[in-house]
file target-v8.cif (mmCIF, C-alpha atoms and all ligand atoms)
data_structure
#
loop_
_atom_site.group_PDB
_atom_site.id
_atom_site.type_symbol
_atom_site.label_atom_id
_atom_site.label_comp_id
_atom_site.auth_asym_id
_atom_site.auth_seq_id
_atom_site.Cartn_x
_atom_site.Cartn_y
_atom_site.Cartn_z
ATOM 1 C CA MET A 1 7.098 -13.113 12.604
ATOM 2 C CA ASP A 2 7.207 -11.017 15.719
ATOM 3 C CA PHE A 3 6.772 -7.235 15.600
ATOM 4 C CA THR A 4 6.773 -6.596 19.346
ATOM 5 C CA ASP A 5 7.747 -2.935 20.016
ATOM 6 C CA LYS A 6 7.908 -2.185 16.290
ATOM 7 C CA VAL A 7 6.113 0.950 15.125
ATOM 8 C CA VAL A 8 4.467 0.434 11.746
ATOM 9 C CA ILE A 9 2.700 3.060 9.606
ATOM 10 C CA VAL A 10 0.181 1.708 7.075
ATOM 11 C CA THR A 11 -1.350 4.194 4.638
ATOM 12 C CA GLY A 12 -4.720 3.341 3.124
ATOM 13 C CA ALA A 13 -5.503 1.264 6.216
ATOM 14 C CA SER A 14 -9.225 2.038 6.256
ATOM 15 C CA SER A 15 -10.035 -0.615 3.644
ATOM 16 C CA GLY A 16 -8.885 -3.639 1.656
ATOM 17 C CA ILE A 17 -5.200 -4.628 1.619
ATOM 18 C CA GLY A 18 -4.156 -1.862 4.020
ATOM 19 C CA ALA A 19 -6.807 -2.843 6.556
ATOM 20 C CA ALA A 20 -5.787 -6.522 6.439
ATOM 21 C CA THR A 21 -2.123 -5.508 6.734
ATOM 22 C CA ALA A 22 -2.724 -3.291 9.774
ATOM 23 C CA VAL A 23 -4.654 -6.069 11.518
ATOM 24 C CA LEU A 24 -1.968 -8.652 10.726
ATOM 25 C CA TYR A 25 0.748 -6.378 12.171
ATOM 26 C CA ALA A 26 -1.406 -5.885 15.273
ATOM 27 C CA LYS A 27 -1.712 -9.674 15.623
ATOM 28 C CA GLN A 28 2.108 -9.766 15.644
ATOM 29 C CA SER A 29 2.143 -7.236 18.508
ATOM 30 C CA ALA A 30 3.148 -4.169 16.452
ATOM 31 C CA LYS A 31 2.216 -0.628 17.416
ATOM 32 C CA VAL A 32 0.249 0.320 14.339
ATOM 33 C CA VAL A 33 -0.455 3.739 12.841
ATOM 34 C CA ILE A 34 -3.459 3.567 10.539
ATOM 35 C CA VAL A 35 -3.923 6.258 7.913
ATOM 36 C CA GLY A 36 -6.852 7.084 5.641
ATOM 37 C CA ARG A 37 -9.731 9.512 5.063
ATOM 38 C CA ASN A 38 -12.753 7.374 5.882
ATOM 39 C CA GLU A 39 -13.324 7.652 9.653
ATOM 40 C CA THR A 40 -15.825 4.797 9.822
ATOM 41 C CA GLY A 41 -13.365 2.471 8.109
ATOM 42 C CA LEU A 42 -10.454 3.635 10.280
ATOM 43 C CA ASN A 43 -12.437 3.140 13.499
ATOM 44 C CA LYS A 44 -13.501 -0.355 12.455
ATOM 45 C CA VAL A 45 -9.918 -1.349 11.656
ATOM 46 C CA ALA A 46 -8.691 0.234 14.907
ATOM 47 C CA GLN A 47 -11.112 -1.962 16.856
ATOM 48 C CA GLN A 48 -9.865 -5.069 15.040
ATOM 49 C CA CYS A 49 -6.242 -4.093 15.746
ATOM 50 C CA GLU A 50 -6.911 -3.496 19.421
ATOM 51 C CA ALA A 51 -8.831 -6.764 19.723
ATOM 52 C CA ALA A 52 -5.752 -8.661 18.488
ATOM 53 C CA LYS A 53 -3.290 -7.977 21.330
ATOM 54 C CA GLY A 54 -4.859 -5.126 23.296
ATOM 55 C CA LEU A 55 -2.595 -2.479 21.759
ATOM 56 C CA LYS A 56 -4.426 0.706 20.766
ATOM 57 C CA PRO A 57 -3.429 1.834 17.269
ATOM 58 C CA LEU A 58 -2.897 5.478 16.424
ATOM 59 C CA ILE A 59 -5.461 6.731 13.912
ATOM 60 C CA VAL A 60 -4.247 9.546 11.644
ATOM 61 C CA LYS A 61 -7.074 10.853 9.513
ATOM 62 C CA ALA A 62 -5.260 12.250 6.507
ATOM 63 C CA ASP A 63 -5.828 13.027 2.855
ATOM 64 C CA LEU A 64 -2.557 12.037 1.243
ATOM 65 C CA THR A 65 -3.011 14.572 -1.542
ATOM 66 C CA SER A 66 -2.470 17.269 1.112
ATOM 67 C CA ASP A 67 1.187 17.885 2.035
ATOM 68 C CA GLU A 68 0.123 19.179 5.451
ATOM 69 C CA ASP A 69 -1.762 15.933 6.139
ATOM 70 C CA VAL A 70 1.229 13.855 5.058
ATOM 71 C CA LYS A 71 3.481 15.805 7.426
ATOM 72 C CA LYS A 72 0.938 15.159 10.206
ATOM 73 C CA ILE A 73 1.432 11.382 9.775
ATOM 74 C CA ALA A 74 5.127 11.686 10.618
ATOM 75 C CA THR A 75 4.749 14.187 13.456
ATOM 76 C CA ARG A 76 1.840 12.383 15.179
ATOM 77 C CA THR A 77 3.655 9.027 14.991
ATOM 78 C CA ILE A 78 6.764 10.448 16.639
ATOM 79 C CA GLU A 79 4.692 12.321 19.246
ATOM 80 C CA ILE A 80 2.828 9.175 20.281
ATOM 81 C CA PHE A 81 5.282 6.327 19.688
ATOM 82 C CA GLY A 82 8.688 8.100 19.551
ATOM 83 C CA LYS A 83 10.089 6.116 16.615
ATOM 84 C CA ILE A 84 9.267 4.474 13.286
ATOM 85 C CA ASP A 85 10.350 0.984 12.218
ATOM 86 C CA VAL A 86 8.253 0.254 9.118
ATOM 87 C CA LEU A 87 6.385 2.335 6.548
ATOM 88 C CA VAL A 88 3.876 0.647 4.242
ATOM 89 C CA ASN A 89 3.001 3.011 1.388
ATOM 90 C CA ASN A 90 -0.191 1.195 0.435
ATOM 91 C CA ALA A 91 -2.847 3.837 -0.343
ATOM 92 C CA GLY A 92 -3.870 4.001 -3.971
ATOM 93 C CA VAL A 93 -6.765 4.689 -6.320
ATOM 94 C CA GLY A 94 -7.457 3.120 -9.716
ATOM 95 C CA PHE A 95 -7.619 6.238 -11.849
ATOM 96 C CA ARG A 96 -9.067 5.318 -15.222
ATOM 97 C CA GLY A 97 -8.897 7.339 -18.382
ATOM 98 C CA SER A 98 -7.425 7.705 -21.801
ATOM 99 C CA VAL A 99 -4.647 10.014 -22.928
ATOM 100 C CA ARG A 100 -7.388 11.758 -24.945
ATOM 101 C CA ASP A 101 -9.107 12.852 -21.710
ATOM 102 C CA GLY A 102 -6.508 15.510 -20.915
ATOM 103 C CA VAL A 103 -3.971 15.677 -18.117
ATOM 104 C CA GLU A 104 -6.257 16.020 -15.103
ATOM 105 C CA LEU A 105 -6.575 12.297 -14.334
ATOM 106 C CA PHE A 106 -2.836 11.864 -14.815
ATOM 107 C CA ASP A 107 -2.221 14.619 -12.245
ATOM 108 C CA GLN A 108 -4.693 13.024 -9.820
ATOM 109 C CA ALA A 109 -3.092 9.600 -10.183
ATOM 110 C CA MET A 110 0.360 10.998 -9.441
ATOM 111 C CA ALA A 111 -1.000 13.081 -6.536
ATOM 112 C CA SER A 112 -2.636 10.024 -4.920
ATOM 113 C CA ASN A 113 -0.462 7.081 -5.873
ATOM 114 C CA LEU A 114 3.096 8.411 -6.174
ATOM 115 C CA ARG A 115 3.670 11.859 -4.658
ATOM 116 C CA PRO A 116 2.564 10.956 -1.094
ATOM 117 C CA ALA A 117 4.888 7.925 -1.019
ATOM 118 C CA TYR A 118 7.780 10.155 -2.139
ATOM 119 C CA LEU A 119 6.988 12.876 0.402
ATOM 120 C CA LEU A 120 6.285 10.594 3.373
ATOM 121 C CA THR A 121 9.358 8.455 2.717
ATOM 122 C CA GLY A 122 11.530 11.585 2.632
ATOM 123 C CA LEU A 123 10.030 12.862 5.867
ATOM 124 C CA ILE A 124 10.571 9.695 7.887
ATOM 125 C CA THR A 125 13.935 8.558 6.543
ATOM 126 C CA GLN A 126 15.716 10.232 9.491
ATOM 127 C CA HIS A 127 13.662 8.039 11.860
ATOM 128 C CA LEU A 128 14.168 4.822 9.858
ATOM 129 C CA MET A 129 17.937 5.461 9.974
ATOM 130 C CA LYS A 130 17.819 5.271 13.768
ATOM 131 C CA THR A 131 15.859 1.994 13.842
ATOM 132 C CA LYS A 132 17.430 0.454 10.688
ATOM 133 C CA GLY A 133 13.862 0.182 9.548
ATOM 134 C CA ASN A 134 12.337 -0.502 6.174
ATOM 135 C CA ILE A 135 9.662 0.426 3.649
ATOM 136 C CA VAL A 136 7.215 -1.647 1.638
ATOM 137 C CA ASN A 137 5.443 0.028 -1.274
ATOM 138 C CA VAL A 138 2.240 -1.513 -2.588
ATOM 139 C CA SER A 139 2.351 -1.292 -6.371
ATOM 140 C CA SER A 140 0.545 -3.510 -8.897
ATOM 141 C CA VAL A 141 1.082 -5.855 -11.823
ATOM 142 C CA ALA A 142 -0.302 -2.861 -13.746
ATOM 143 C CA ALA A 143 3.188 -1.392 -13.337
ATOM 144 C CA PHE A 144 4.498 -3.926 -15.875
ATOM 145 C CA ARG A 145 1.831 -3.871 -18.548
ATOM 146 C CA PRO A 146 -1.410 -2.041 -19.402
ATOM 147 C CA ILE A 147 -4.703 -3.532 -18.179
ATOM 148 C CA LYS A 148 -6.007 -4.970 -21.443
ATOM 149 C CA ASP A 149 -9.740 -4.400 -21.632
ATOM 150 C CA LEU A 150 -10.040 -1.345 -19.362
ATOM 151 C CA ASP A 151 -8.603 2.178 -19.738
ATOM 152 C CA PHE A 152 -6.335 2.500 -16.701
ATOM 153 C CA THR A 153 -3.563 4.552 -18.302
ATOM 154 C CA PRO A 154 -3.017 7.089 -15.470
ATOM 155 C CA TYR A 155 -3.048 4.292 -12.864
ATOM 156 C CA CYS A 156 -0.570 2.085 -14.754
ATOM 157 C CA ILE A 157 1.856 4.978 -15.194
ATOM 158 C CA SER A 158 1.640 5.892 -11.504
ATOM 159 C CA LYS A 159 2.463 2.306 -10.472
ATOM 160 C CA ALA A 160 5.340 2.029 -12.959
ATOM 161 C CA GLY A 161 6.691 5.215 -11.372
ATOM 162 C CA LEU A 162 6.270 3.705 -7.925
ATOM 163 C CA ASP A 163 8.374 0.675 -8.918
ATOM 164 C CA MET A 164 11.208 2.906 -10.095
ATOM 165 C CA PHE A 165 10.842 4.880 -6.867
ATOM 166 C CA THR A 166 11.301 1.603 -4.947
ATOM 167 C CA LYS A 167 14.494 0.757 -6.823
ATOM 168 C CA CYS A 168 16.035 4.247 -6.679
ATOM 169 C CA VAL A 169 15.289 4.725 -3.002
ATOM 170 C CA ALA A 170 16.423 1.188 -2.118
ATOM 171 C CA LEU A 171 19.821 2.022 -3.604
ATOM 172 C CA GLU A 172 19.927 5.474 -2.057
ATOM 173 C CA LEU A 173 18.994 4.339 1.462
ATOM 174 C CA ALA A 174 20.950 1.071 1.563
ATOM 175 C CA ARG A 175 23.990 2.933 2.859
ATOM 176 C CA ASP A 176 21.902 3.932 5.883
ATOM 177 C CA GLY A 177 20.789 0.344 6.471
ATOM 178 C CA ILE A 178 17.223 1.009 5.317
ATOM 179 C CA ARG A 179 15.585 -1.595 3.050
ATOM 180 C CA VAL A 180 12.899 -0.735 0.477
ATOM 181 C CA ASN A 181 10.782 -3.300 -1.364
ATOM 182 C CA SER A 182 7.595 -3.497 -3.396
ATOM 183 C CA VAL A 183 4.634 -5.864 -3.327
ATOM 184 C CA ASN A 184 2.810 -5.942 -6.676
ATOM 185 C CA PRO A 185 -0.570 -7.645 -6.428
ATOM 186 C CA GLY A 186 -2.776 -8.766 -9.250
ATOM 187 C CA GLY A 187 -6.561 -8.873 -8.824
ATOM 188 C CA THR A 188 -7.417 -8.839 -5.123
ATOM 189 C CA LYS A 189 -10.954 -8.795 -3.757
ATOM 190 C CA THR A 190 -11.348 -5.309 -2.220
ATOM 191 C CA PRO A 191 -13.497 -2.201 -2.835
ATOM 192 C CA PHE A 192 -10.725 -1.017 -5.230
ATOM 193 C CA VAL A 193 -12.709 -1.621 -8.433
ATOM 194 C CA GLU A 194 -15.741 0.244 -7.125
ATOM 195 C CA ALA A 195 -13.495 3.078 -5.931
ATOM 196 C CA ALA A 196 -12.266 3.249 -9.547
ATOM 197 C CA GLY A 197 -15.795 4.149 -10.644
ATOM 198 C CA PHE A 198 -17.427 0.800 -11.447
ATOM 199 C CA THR A 199 -20.826 -0.201 -10.063
ATOM 200 C CA LYS A 200 -21.003 -2.990 -7.496
ATOM 201 C CA GLN A 201 -22.333 -5.363 -10.147
ATOM 202 C CA GLN A 202 -19.608 -4.430 -12.632
ATOM 203 C CA ALA A 203 -17.006 -4.932 -9.907
ATOM 204 C CA GLU A 204 -18.382 -8.422 -9.185
ATOM 205 C CA GLU A 205 -18.210 -9.195 -12.906
ATOM 206 C CA VAL A 206 -14.600 -7.968 -13.126
ATOM 207 C CA PHE A 207 -13.534 -10.321 -10.307
ATOM 208 C CA GLU A 208 -15.559 -13.269 -11.672
ATOM 209 C CA ASN A 209 -14.014 -12.694 -15.099
ATOM 210 C CA ARG A 210 -10.503 -12.462 -13.633
ATOM 211 C CA LYS A 211 -10.946 -15.876 -11.983
ATOM 212 C CA THR A 212 -11.471 -17.449 -15.393
ATOM 213 C CA ILE A 213 -8.369 -15.761 -16.848
ATOM 214 C CA TYR A 214 -5.807 -16.247 -14.082
ATOM 215 C CA PRO A 215 -3.838 -19.502 -14.332
ATOM 216 C CA LEU A 216 -4.551 -20.407 -10.701
ATOM 217 C CA GLY A 217 -8.278 -19.770 -11.270
ATOM 218 C CA LYS A 218 -8.762 -17.339 -8.397
ATOM 219 C CA VAL A 219 -7.985 -13.814 -7.222
ATOM 220 C CA CYS A 220 -5.874 -12.944 -4.156
ATOM 221 C CA THR A 221 -7.251 -12.379 -0.681
ATOM 222 C CA THR A 222 -6.177 -9.284 1.228
ATOM 223 C CA GLU A 223 -4.648 -11.505 3.923
ATOM 224 C CA GLU A 224 -2.366 -13.212 1.388
ATOM 225 C CA VAL A 225 -1.033 -9.858 0.215
ATOM 226 C CA ALA A 226 -0.648 -8.734 3.834
ATOM 227 C CA GLU A 227 1.433 -11.844 4.637
ATOM 228 C CA LEU A 228 3.907 -10.932 1.902
ATOM 229 C CA ILE A 229 4.125 -7.336 3.124
ATOM 230 C CA LEU A 230 4.836 -8.531 6.661
ATOM 231 C CA TYR A 231 7.472 -10.982 5.495
ATOM 232 C CA LEU A 232 9.358 -8.312 3.526
ATOM 233 C CA SER A 233 9.302 -5.921 6.473
ATOM 234 C CA SER A 234 10.445 -8.592 8.936
ATOM 235 C CA GLU A 235 13.908 -9.600 10.079
ATOM 236 C CA LYS A 236 13.588 -12.736 7.905
ATOM 237 C CA ALA A 237 13.957 -10.503 4.822
ATOM 238 C CA ARG A 238 17.088 -8.719 6.115
ATOM 239 C CA SER A 239 19.019 -9.414 2.884
ATOM 240 C CA ILE A 240 16.233 -8.262 0.560
ATOM 241 C CA THR A 241 16.100 -4.745 -0.826
ATOM 242 C CA GLY A 242 15.030 -3.157 -4.105
ATOM 243 C CA GLY A 243 12.853 -6.182 -4.856
ATOM 244 C CA ILE A 244 9.592 -6.130 -6.789
ATOM 245 C CA PHE A 245 7.476 -9.042 -5.544
ATOM 246 C CA VAL A 246 4.517 -10.197 -7.596
ATOM 247 C CA ILE A 247 1.496 -11.929 -6.018
ATOM 248 C CA ASP A 248 -0.999 -12.386 -8.837
ATOM 249 C CA ASN A 249 -2.172 -16.009 -9.299
ATOM 250 C CA GLY A 250 -0.135 -16.040 -12.508
ATOM 251 C CA GLU A 251 -1.857 -13.016 -14.078
ATOM 252 C CA ILE A 252 1.261 -11.678 -15.794
ATOM 253 C CA LEU A 253 1.880 -15.042 -17.448
ATOM 254 C CA THR A 254 -1.276 -14.660 -19.535
HETATM 255 N N1 LIG A 301 -7.417 -4.705 -5.275
HETATM 256 C C1 LIG A 301 -6.667 -4.968 -6.322
HETATM 257 O O1 LIG A 301 -7.047 -5.743 -7.242
HETATM 258 C C2 LIG A 301 -5.289 -4.366 -6.435
HETATM 259 C C3 LIG A 301 -4.415 -4.871 -7.395
HETATM 260 C C4 LIG A 301 -3.145 -4.339 -7.506
HETATM 261 C C5 LIG A 301 -2.741 -3.322 -6.659
HETATM 262 N N2 LIG A 301 -3.603 -2.835 -5.715
HETATM 263 C C6 LIG A 301 -3.117 -1.739 -4.859
HETATM 264 O O2 LIG A 301 -3.331 -2.063 -3.508
HETATM 265 C C7 LIG A 301 -3.415 -0.853 -2.735
HETATM 266 C C8 LIG A 301 -4.608 -0.953 -1.813
HETATM 267 O O3 LIG A 301 -5.795 -1.008 -2.604
HETATM 268 P P1 LIG A 301 -7.058 -1.892 -2.194
HETATM 269 O O4 LIG A 301 -7.247 -2.913 -3.238
HETATM 270 O O5 LIG A 301 -6.969 -2.310 -0.784
HETATM 271 O O6 LIG A 301 -8.221 -0.806 -2.416
HETATM 272 P P2 LIG A 301 -9.214 -0.076 -1.410
HETATM 273 O O7 LIG A 301 -9.916 -1.092 -0.580
HETATM 274 O O8 LIG A 301 -10.007 0.848 -2.259
HETATM 275 O O9 LIG A 301 -8.235 0.743 -0.455
HETATM 276 C C9 LIG A 301 -7.560 1.903 -0.863
HETATM 277 C C10 LIG A 301 -7.057 2.622 0.362
HETATM 278 O O10 LIG A 301 -6.325 3.790 -0.062
HETATM 279 C C11 LIG A 301 -6.760 4.879 0.708
HETATM 280 N N3 LIG A 301 -6.611 6.139 -0.011
HETATM 281 C C12 LIG A 301 -6.821 6.365 -1.318
HETATM 282 N N4 LIG A 301 -6.612 7.662 -1.605
HETATM 283 C C13 LIG A 301 -6.283 8.255 -0.437
HETATM 284 C C14 LIG A 301 -5.970 9.597 -0.073
HETATM 285 N N5 LIG A 301 -5.962 10.595 -0.960
HETATM 286 N N6 LIG A 301 -5.683 9.858 1.213
HETATM 287 C C15 LIG A 301 -5.706 8.878 2.141
HETATM 288 N N7 LIG A 301 -5.996 7.592 1.845
HETATM 289 C C16 LIG A 301 -6.288 7.302 0.586
HETATM 290 C C17 LIG A 301 -8.222 4.590 1.019
HETATM 291 O O11 LIG A 301 -8.575 5.279 2.182
HETATM 292 P P3 LIG A 301 -9.872 6.227 2.343
HETATM 293 O O12 LIG A 301 -10.959 5.644 1.506
HETATM 294 O O13 LIG A 301 -10.119 6.187 3.797
HETATM 295 O O14 LIG A 301 -9.407 7.547 1.882
HETATM 296 C C18 LIG A 301 -8.191 3.083 1.254
HETATM 297 O O15 LIG A 301 -7.872 2.804 2.591
HETATM 298 C C19 LIG A 301 -3.512 0.290 -3.755
HETATM 299 O O16 LIG A 301 -2.272 0.942 -3.853
HETATM 300 C C20 LIG A 301 -3.852 -0.417 -5.056
HETATM 301 O O17 LIG A 301 -3.367 0.286 -6.170
HETATM 302 C C21 LIG A 301 -4.865 -3.335 -5.591
#
call {"tool": "encode", "arguments": {"input": "target-v8.cif", "output": "C-alpha cells", "more": "lines below"}}
Ligand SMILES: NC(=O)c1ccc[n+]([C@@H]2O[C@H](COP(=O)([O-])OP(=O)(O)OC[C@H]3O[C@@H](n4cnc5c(N)ncnc54)[C@H](OP(=O)(O)O)[C@@H]3O)[C@@H](O)[C@H]2O)c1
result
Amino acid sequence: MDFTDKVVIVTGASSGIGAATAVLYAKQSAKVVIVGRNETGLNKVAQQCEAAKGLKPLIVKADLTSDEDVKKIATRTIEIFGKIDVLVNNAGVGFRGSVRDGVELFDQAMASNLRPAYLLTGLITQHLMKTKGNIVNVSSVAAFRPIKDLDFTPYCISKAGLDMFTKCVALELARDGIRVNSVNPGGTKTPFVEAAGFTKQQAEEVFENRKTIYPLGKVCTTEEVAELILYLSSEKARSITGGIFVIDNGEILT
C-alpha cells in the first residue's frame, strides 16, 4: 500500500492503536497529522513517523471534548498540507460505570468517543469530497455486546453509536465518492485498560485472562489493527463502504 502524497489525520495518535497507525502510514510515505493531548506521547510518535521516510508529521495538540480544539485539527491540516485524504477517528476512552451511577459517565463517553467523530467528520467532508477520500472509525467488539465481567455500559453504548454513525454517514457520503468504514478490535495490548481506571497489575491480569478466553489464544497487537485500518483506507478497498470489520481473535464467537 502506497500513501505517497496522501494527507492522513489520526486522532488518538499519542498512544496504542493510533500511534501504531500513524507510524504505519508514515512508513507508506503519507503526510500524517497526529492528534492527542499528551505532548510527550505525540512527540515520541512524531519522531518515529519522521524516522520512517523523513516526512515531518503535523502535531495538533487537541482535547477532542473541546469543539474549538476539534475545529483546530481541520484548519491546521489545511493550512499546512492543503488537503485531506483520510481521517481515522481512533481516539477513545473506556468509560466504565453502571446505569445506577447517574448520567455523568454516559455524557463523558459520548463527548469523548462519539461527538468528536461526528463533528470532525462534518468539518472535513468538504475536503474529502475534493480528494475522493475516506474515513475509518475505530470502534470495538463492545459495540455488539456488553463486556461480560466488567461494567462498561457507557463505553459499549458509545461504540454502538459509532457503528451506526459509520453506516449512516457511509450512505450519506457515498454520493460524493467518500467511503466510510469501521474497524472493531477486540482485546489489544495498549494502555487502554489502565486509562479506563485499572491498575497496571489489574490491566496485566485482564490481558492474561483474555488470552485464555479468546479462541486464537492471544490478544491483538496494535500493528495488526493498524494494518486493517490502512487496508480499508487504501485504493485496494475502493469498493468497500459502510463495513464493520472485526479483528478480535474470535472474541465474539465465545
Ligand atoms: N485496546 C483495546 O483492547 C481496544 C479494544 C477495542 C477498541 N479499542 C479502541 O481503540 C481506540 C484506541 O485505543 P487504544 O487501545 O489505542 O488506547 P490508548 O492507548 O489509551 O489510546 C487512546 C488514545 O485516545 C486519545 N484520546 C482519548 N481521549 C481524548 C481526548 N479527549 N482528546 C484527544 N485525544 C484523546 C489518547 O490521547 P491522549 O492520552 O494524548 O489524550 C490516546 O492517544 C479507542 O477508540 C478504543 O476504544 C481498543
call {"tool": "residues_near_ligand", "arguments": {"input": "target-v8.cif", "ligand": "ligand LIG 301 (chain A)", "cutoff": "6 Å", "atoms": "only C-alpha atoms and all ligand atoms", "output": "PyMOL selection string"}}
result
chain A and resi 12-18+36-38+62-65+90-93+112+138-140+185-192+195
call {"tool": "resolve_selection", "arguments": {"input": "target-v8.cif", "expression": "the PyMOL selection byres (((chain A and resi 96-102) around 10) and not hetatm)", "output": "number ranges by chain"}}
result
A: 93-95, 103-107, 109, 150-156, 196-197
call {"tool": "residues_near_point", "arguments": {"input": "target-v8.cif", "point": "(-8.9, -10.9, -12.2)", "cutoff": "10 Å", "atoms": "only C-alpha atoms", "output": "PyMOL selection string"}}
result
chain A and resi 186-189+205-214+217-220+248-249+251
call {"tool": "write_last_selection", "arguments": {"input": "target-v8.cif", "atoms": "C-alpha atoms", "output": "PDB file, in the frame of the given file"}}
result
ATOM      1  CA  GLY A 186      -2.776  -8.766  -9.250  1.00  0.00           C
ATOM      2  CA  GLY A 187      -6.561  -8.873  -8.824  1.00  0.00           C
ATOM      3  CA  THR A 188      -7.417  -8.839  -5.123  1.00  0.00           C
ATOM      4  CA  LYS A 189     -10.954  -8.795  -3.757  1.00  0.00           C
ATOM      5  CA  GLU A 205     -18.210  -9.195 -12.906  1.00  0.00           C
ATOM      6  CA  VAL A 206     -14.600  -7.968 -13.126  1.00  0.00           C
ATOM      7  CA  PHE A 207     -13.534 -10.321 -10.307  1.00  0.00           C
ATOM      8  CA  GLU A 208     -15.559 -13.269 -11.672  1.00  0.00           C
ATOM      9  CA  ASN A 209     -14.014 -12.694 -15.099  1.00  0.00           C
ATOM     10  CA  ARG A 210     -10.503 -12.462 -13.633  1.00  0.00           C
ATOM     11  CA  LYS A 211     -10.946 -15.876 -11.983  1.00  0.00           C
ATOM     12  CA  THR A 212     -11.471 -17.449 -15.393  1.00  0.00           C
ATOM     13  CA  ILE A 213      -8.369 -15.761 -16.848  1.00  0.00           C
ATOM     14  CA  TYR A 214      -5.807 -16.247 -14.082  1.00  0.00           C
ATOM     15  CA  GLY A 217      -8.278 -19.770 -11.270  1.00  0.00           C
ATOM     16  CA  LYS A 218      -8.762 -17.339  -8.397  1.00  0.00           C
ATOM     17  CA  VAL A 219      -7.985 -13.814  -7.222  1.00  0.00           C
ATOM     18  CA  CYS A 220      -5.874 -12.944  -4.156  1.00  0.00           C
ATOM     19  CA  ASP A 248      -0.999 -12.386  -8.837  1.00  0.00           C
ATOM     20  CA  ASN A 249      -2.172 -16.009  -9.299  1.00  0.00           C
ATOM     21  CA  GLU A 251      -1.857 -13.016 -14.078  1.00  0.00           C
TER      22      GLU A 251
END
call {"tool": "resolve_selection", "arguments": {"input": "target-v8.cif", "expression": "the PyMOL selection byres (((chain A and resi 50) around 10) and not hetatm)", "output": "VMD selection string"}}
result
chain A and resid 23 26 to 27 29 31 to 32 45 to 49 51 to 57
call {"tool": "write_last_selection", "arguments": {"input": "target-v8.cif", "atoms": "C-alpha atoms", "output": "JSON list (two decimals), in the coordinates of the input"}}
result
[["chain", "number", "residue", "atom", "x", "y", "z"],
["A", 23, "VAL", "CA", -4.65, -6.07, 11.52],
["A", 26, "ALA", "CA", -1.41, -5.88, 15.27],
["A", 27, "LYS", "CA", -1.71, -9.67, 15.62],
["A", 29, "SER", "CA", 2.14, -7.24, 18.51],
["A", 31, "LYS", "CA", 2.22, -0.63, 17.42],
["A", 32, "VAL", "CA", 0.25, 0.32, 14.34],
["A", 45, "VAL", "CA", -9.92, -1.35, 11.66],
["A", 46, "ALA", "CA", -8.69, 0.23, 14.91],
["A", 47, "GLN", "CA", -11.11, -1.96, 16.86],
["A", 48, "GLN", "CA", -9.86, -5.07, 15.04],
["A", 49, "CYS", "CA", -6.24, -4.09, 15.75],
["A", 51, "ALA", "CA", -8.83, -6.76, 19.72],
["A", 52, "ALA", "CA", -5.75, -8.66, 18.49],
["A", 53, "LYS", "CA", -3.29, -7.98, 21.33],
["A", 54, "GLY", "CA", -4.86, -5.13, 23.30],
["A", 55, "LEU", "CA", -2.60, -2.48, 21.76],
["A", 56, "LYS", "CA", -4.43, 0.71, 20.77],
["A", 57, "PRO", "CA", -3.43, 1.83, 17.27]]
call {"tool": "closest_residue", "arguments": {"input": "target-v8.cif", "among": "A:Ile73, A:Leu24, A:Ile252, A:Val88", "to": "Gly133 in chain A", "atoms": "all atoms listed in the file"}}
result
A:Val88
call {"tool": "closest_residue", "arguments": {"input": "target-v8.cif", "among": "A:Lys61, A:Asp5, A:Lys132, A:Tyr25", "to": "Glu39 in chain A", "atoms": "only C-alpha atoms"}}
result
A:Lys61
call {"tool": "closest_atom_pairs", "arguments": {"input": "target-v8.cif", "of": "range 76-150 of chain A", "to": "range 228-236 of chain A", "cutoff": "8 Å", "atoms": "all atoms listed in the file", "output": "CSV"}}
result
residue,atom,partner,partner_atom,distance
A:Val86,CA,A:Ser233,CA,6.8
A:Asn134,CA,A:Ser233,CA,6.2
A:Ile135,CA,A:Ser233,CA,7.0
A:Val136,CA,A:Ile229,CA,6.6
call {"tool": "residues_around", "arguments": {"input": "target-v8.cif", "residues": "Leu171 in chain A", "least_positions_apart": "5", "cutoff": "10 Å", "atoms": "only C-alpha atoms", "output": "PyMOL selection string"}}
result
chain A and resi 165-166+176+178-180+241-242
call {"tool": "write_last_selection", "arguments": {"input": "target-v8.cif", "atoms": "C-alpha atoms", "output": "PDB file, keeping the file's coordinate frame"}}
result
ATOM      1  CA  PHE A 165      10.842   4.880  -6.867  1.00  0.00           C
ATOM      2  CA  THR A 166      11.301   1.603  -4.947  1.00  0.00           C
ATOM      3  CA  ASP A 176      21.902   3.932   5.883  1.00  0.00           C
ATOM      4  CA  ILE A 178      17.223   1.009   5.317  1.00  0.00           C
ATOM      5  CA  ARG A 179      15.585  -1.595   3.050  1.00  0.00           C
ATOM      6  CA  VAL A 180      12.899  -0.735   0.477  1.00  0.00           C
ATOM      7  CA  THR A 241      16.100  -4.745  -0.826  1.00  0.00           C
ATOM      8  CA  GLY A 242      15.030  -3.157  -4.105  1.00  0.00           C
TER       9      GLY A 242
END
call {"tool": "closest_residue", "arguments": {"input": "target-v8.cif", "among": "A:Ile80, A:Leu120, A:Ala22, A:Met1", "to": "Glu68 in chain A", "atoms": "all atoms listed in the file"}}
result
A:Leu120
call {"tool": "atom_distance", "arguments": {"input": "target-v8.cif", "atom1": "CA of Lys72 in chain A", "atom2": "CA of Val60 in chain A"}}
result
7.8 Å
call {"tool": "atom_distance", "arguments": {"input": "target-v8.cif", "atom1": "CA of Ala143 in chain A", "atom2": "CA of Lys159 in chain A"}}
result
4.7 Å
call {"tool": "closest_residue", "arguments": {"input": "target-v8.cif", "among": "A:Leu58, A:Val35, A:Ile84, A:Ala160", "to": "Lys6 in chain A", "atoms": "all atoms listed in the file"}}
result
A:Ile84
call {"tool": "atom_distance", "arguments": {"input": "target-v8.cif", "atom1": "CA of Asn137 in chain A", "atom2": "CA of Pro116 in chain A"}}
result
11.3 Å
call {"tool": "closest_residue", "arguments": {"input": "target-v8.cif", "among": "A:Lys148, A:Arg238, A:Lys83, A:Lys200", "to": "Met129 in chain A", "atoms": "only C-alpha atoms"}}
result
A:Lys83
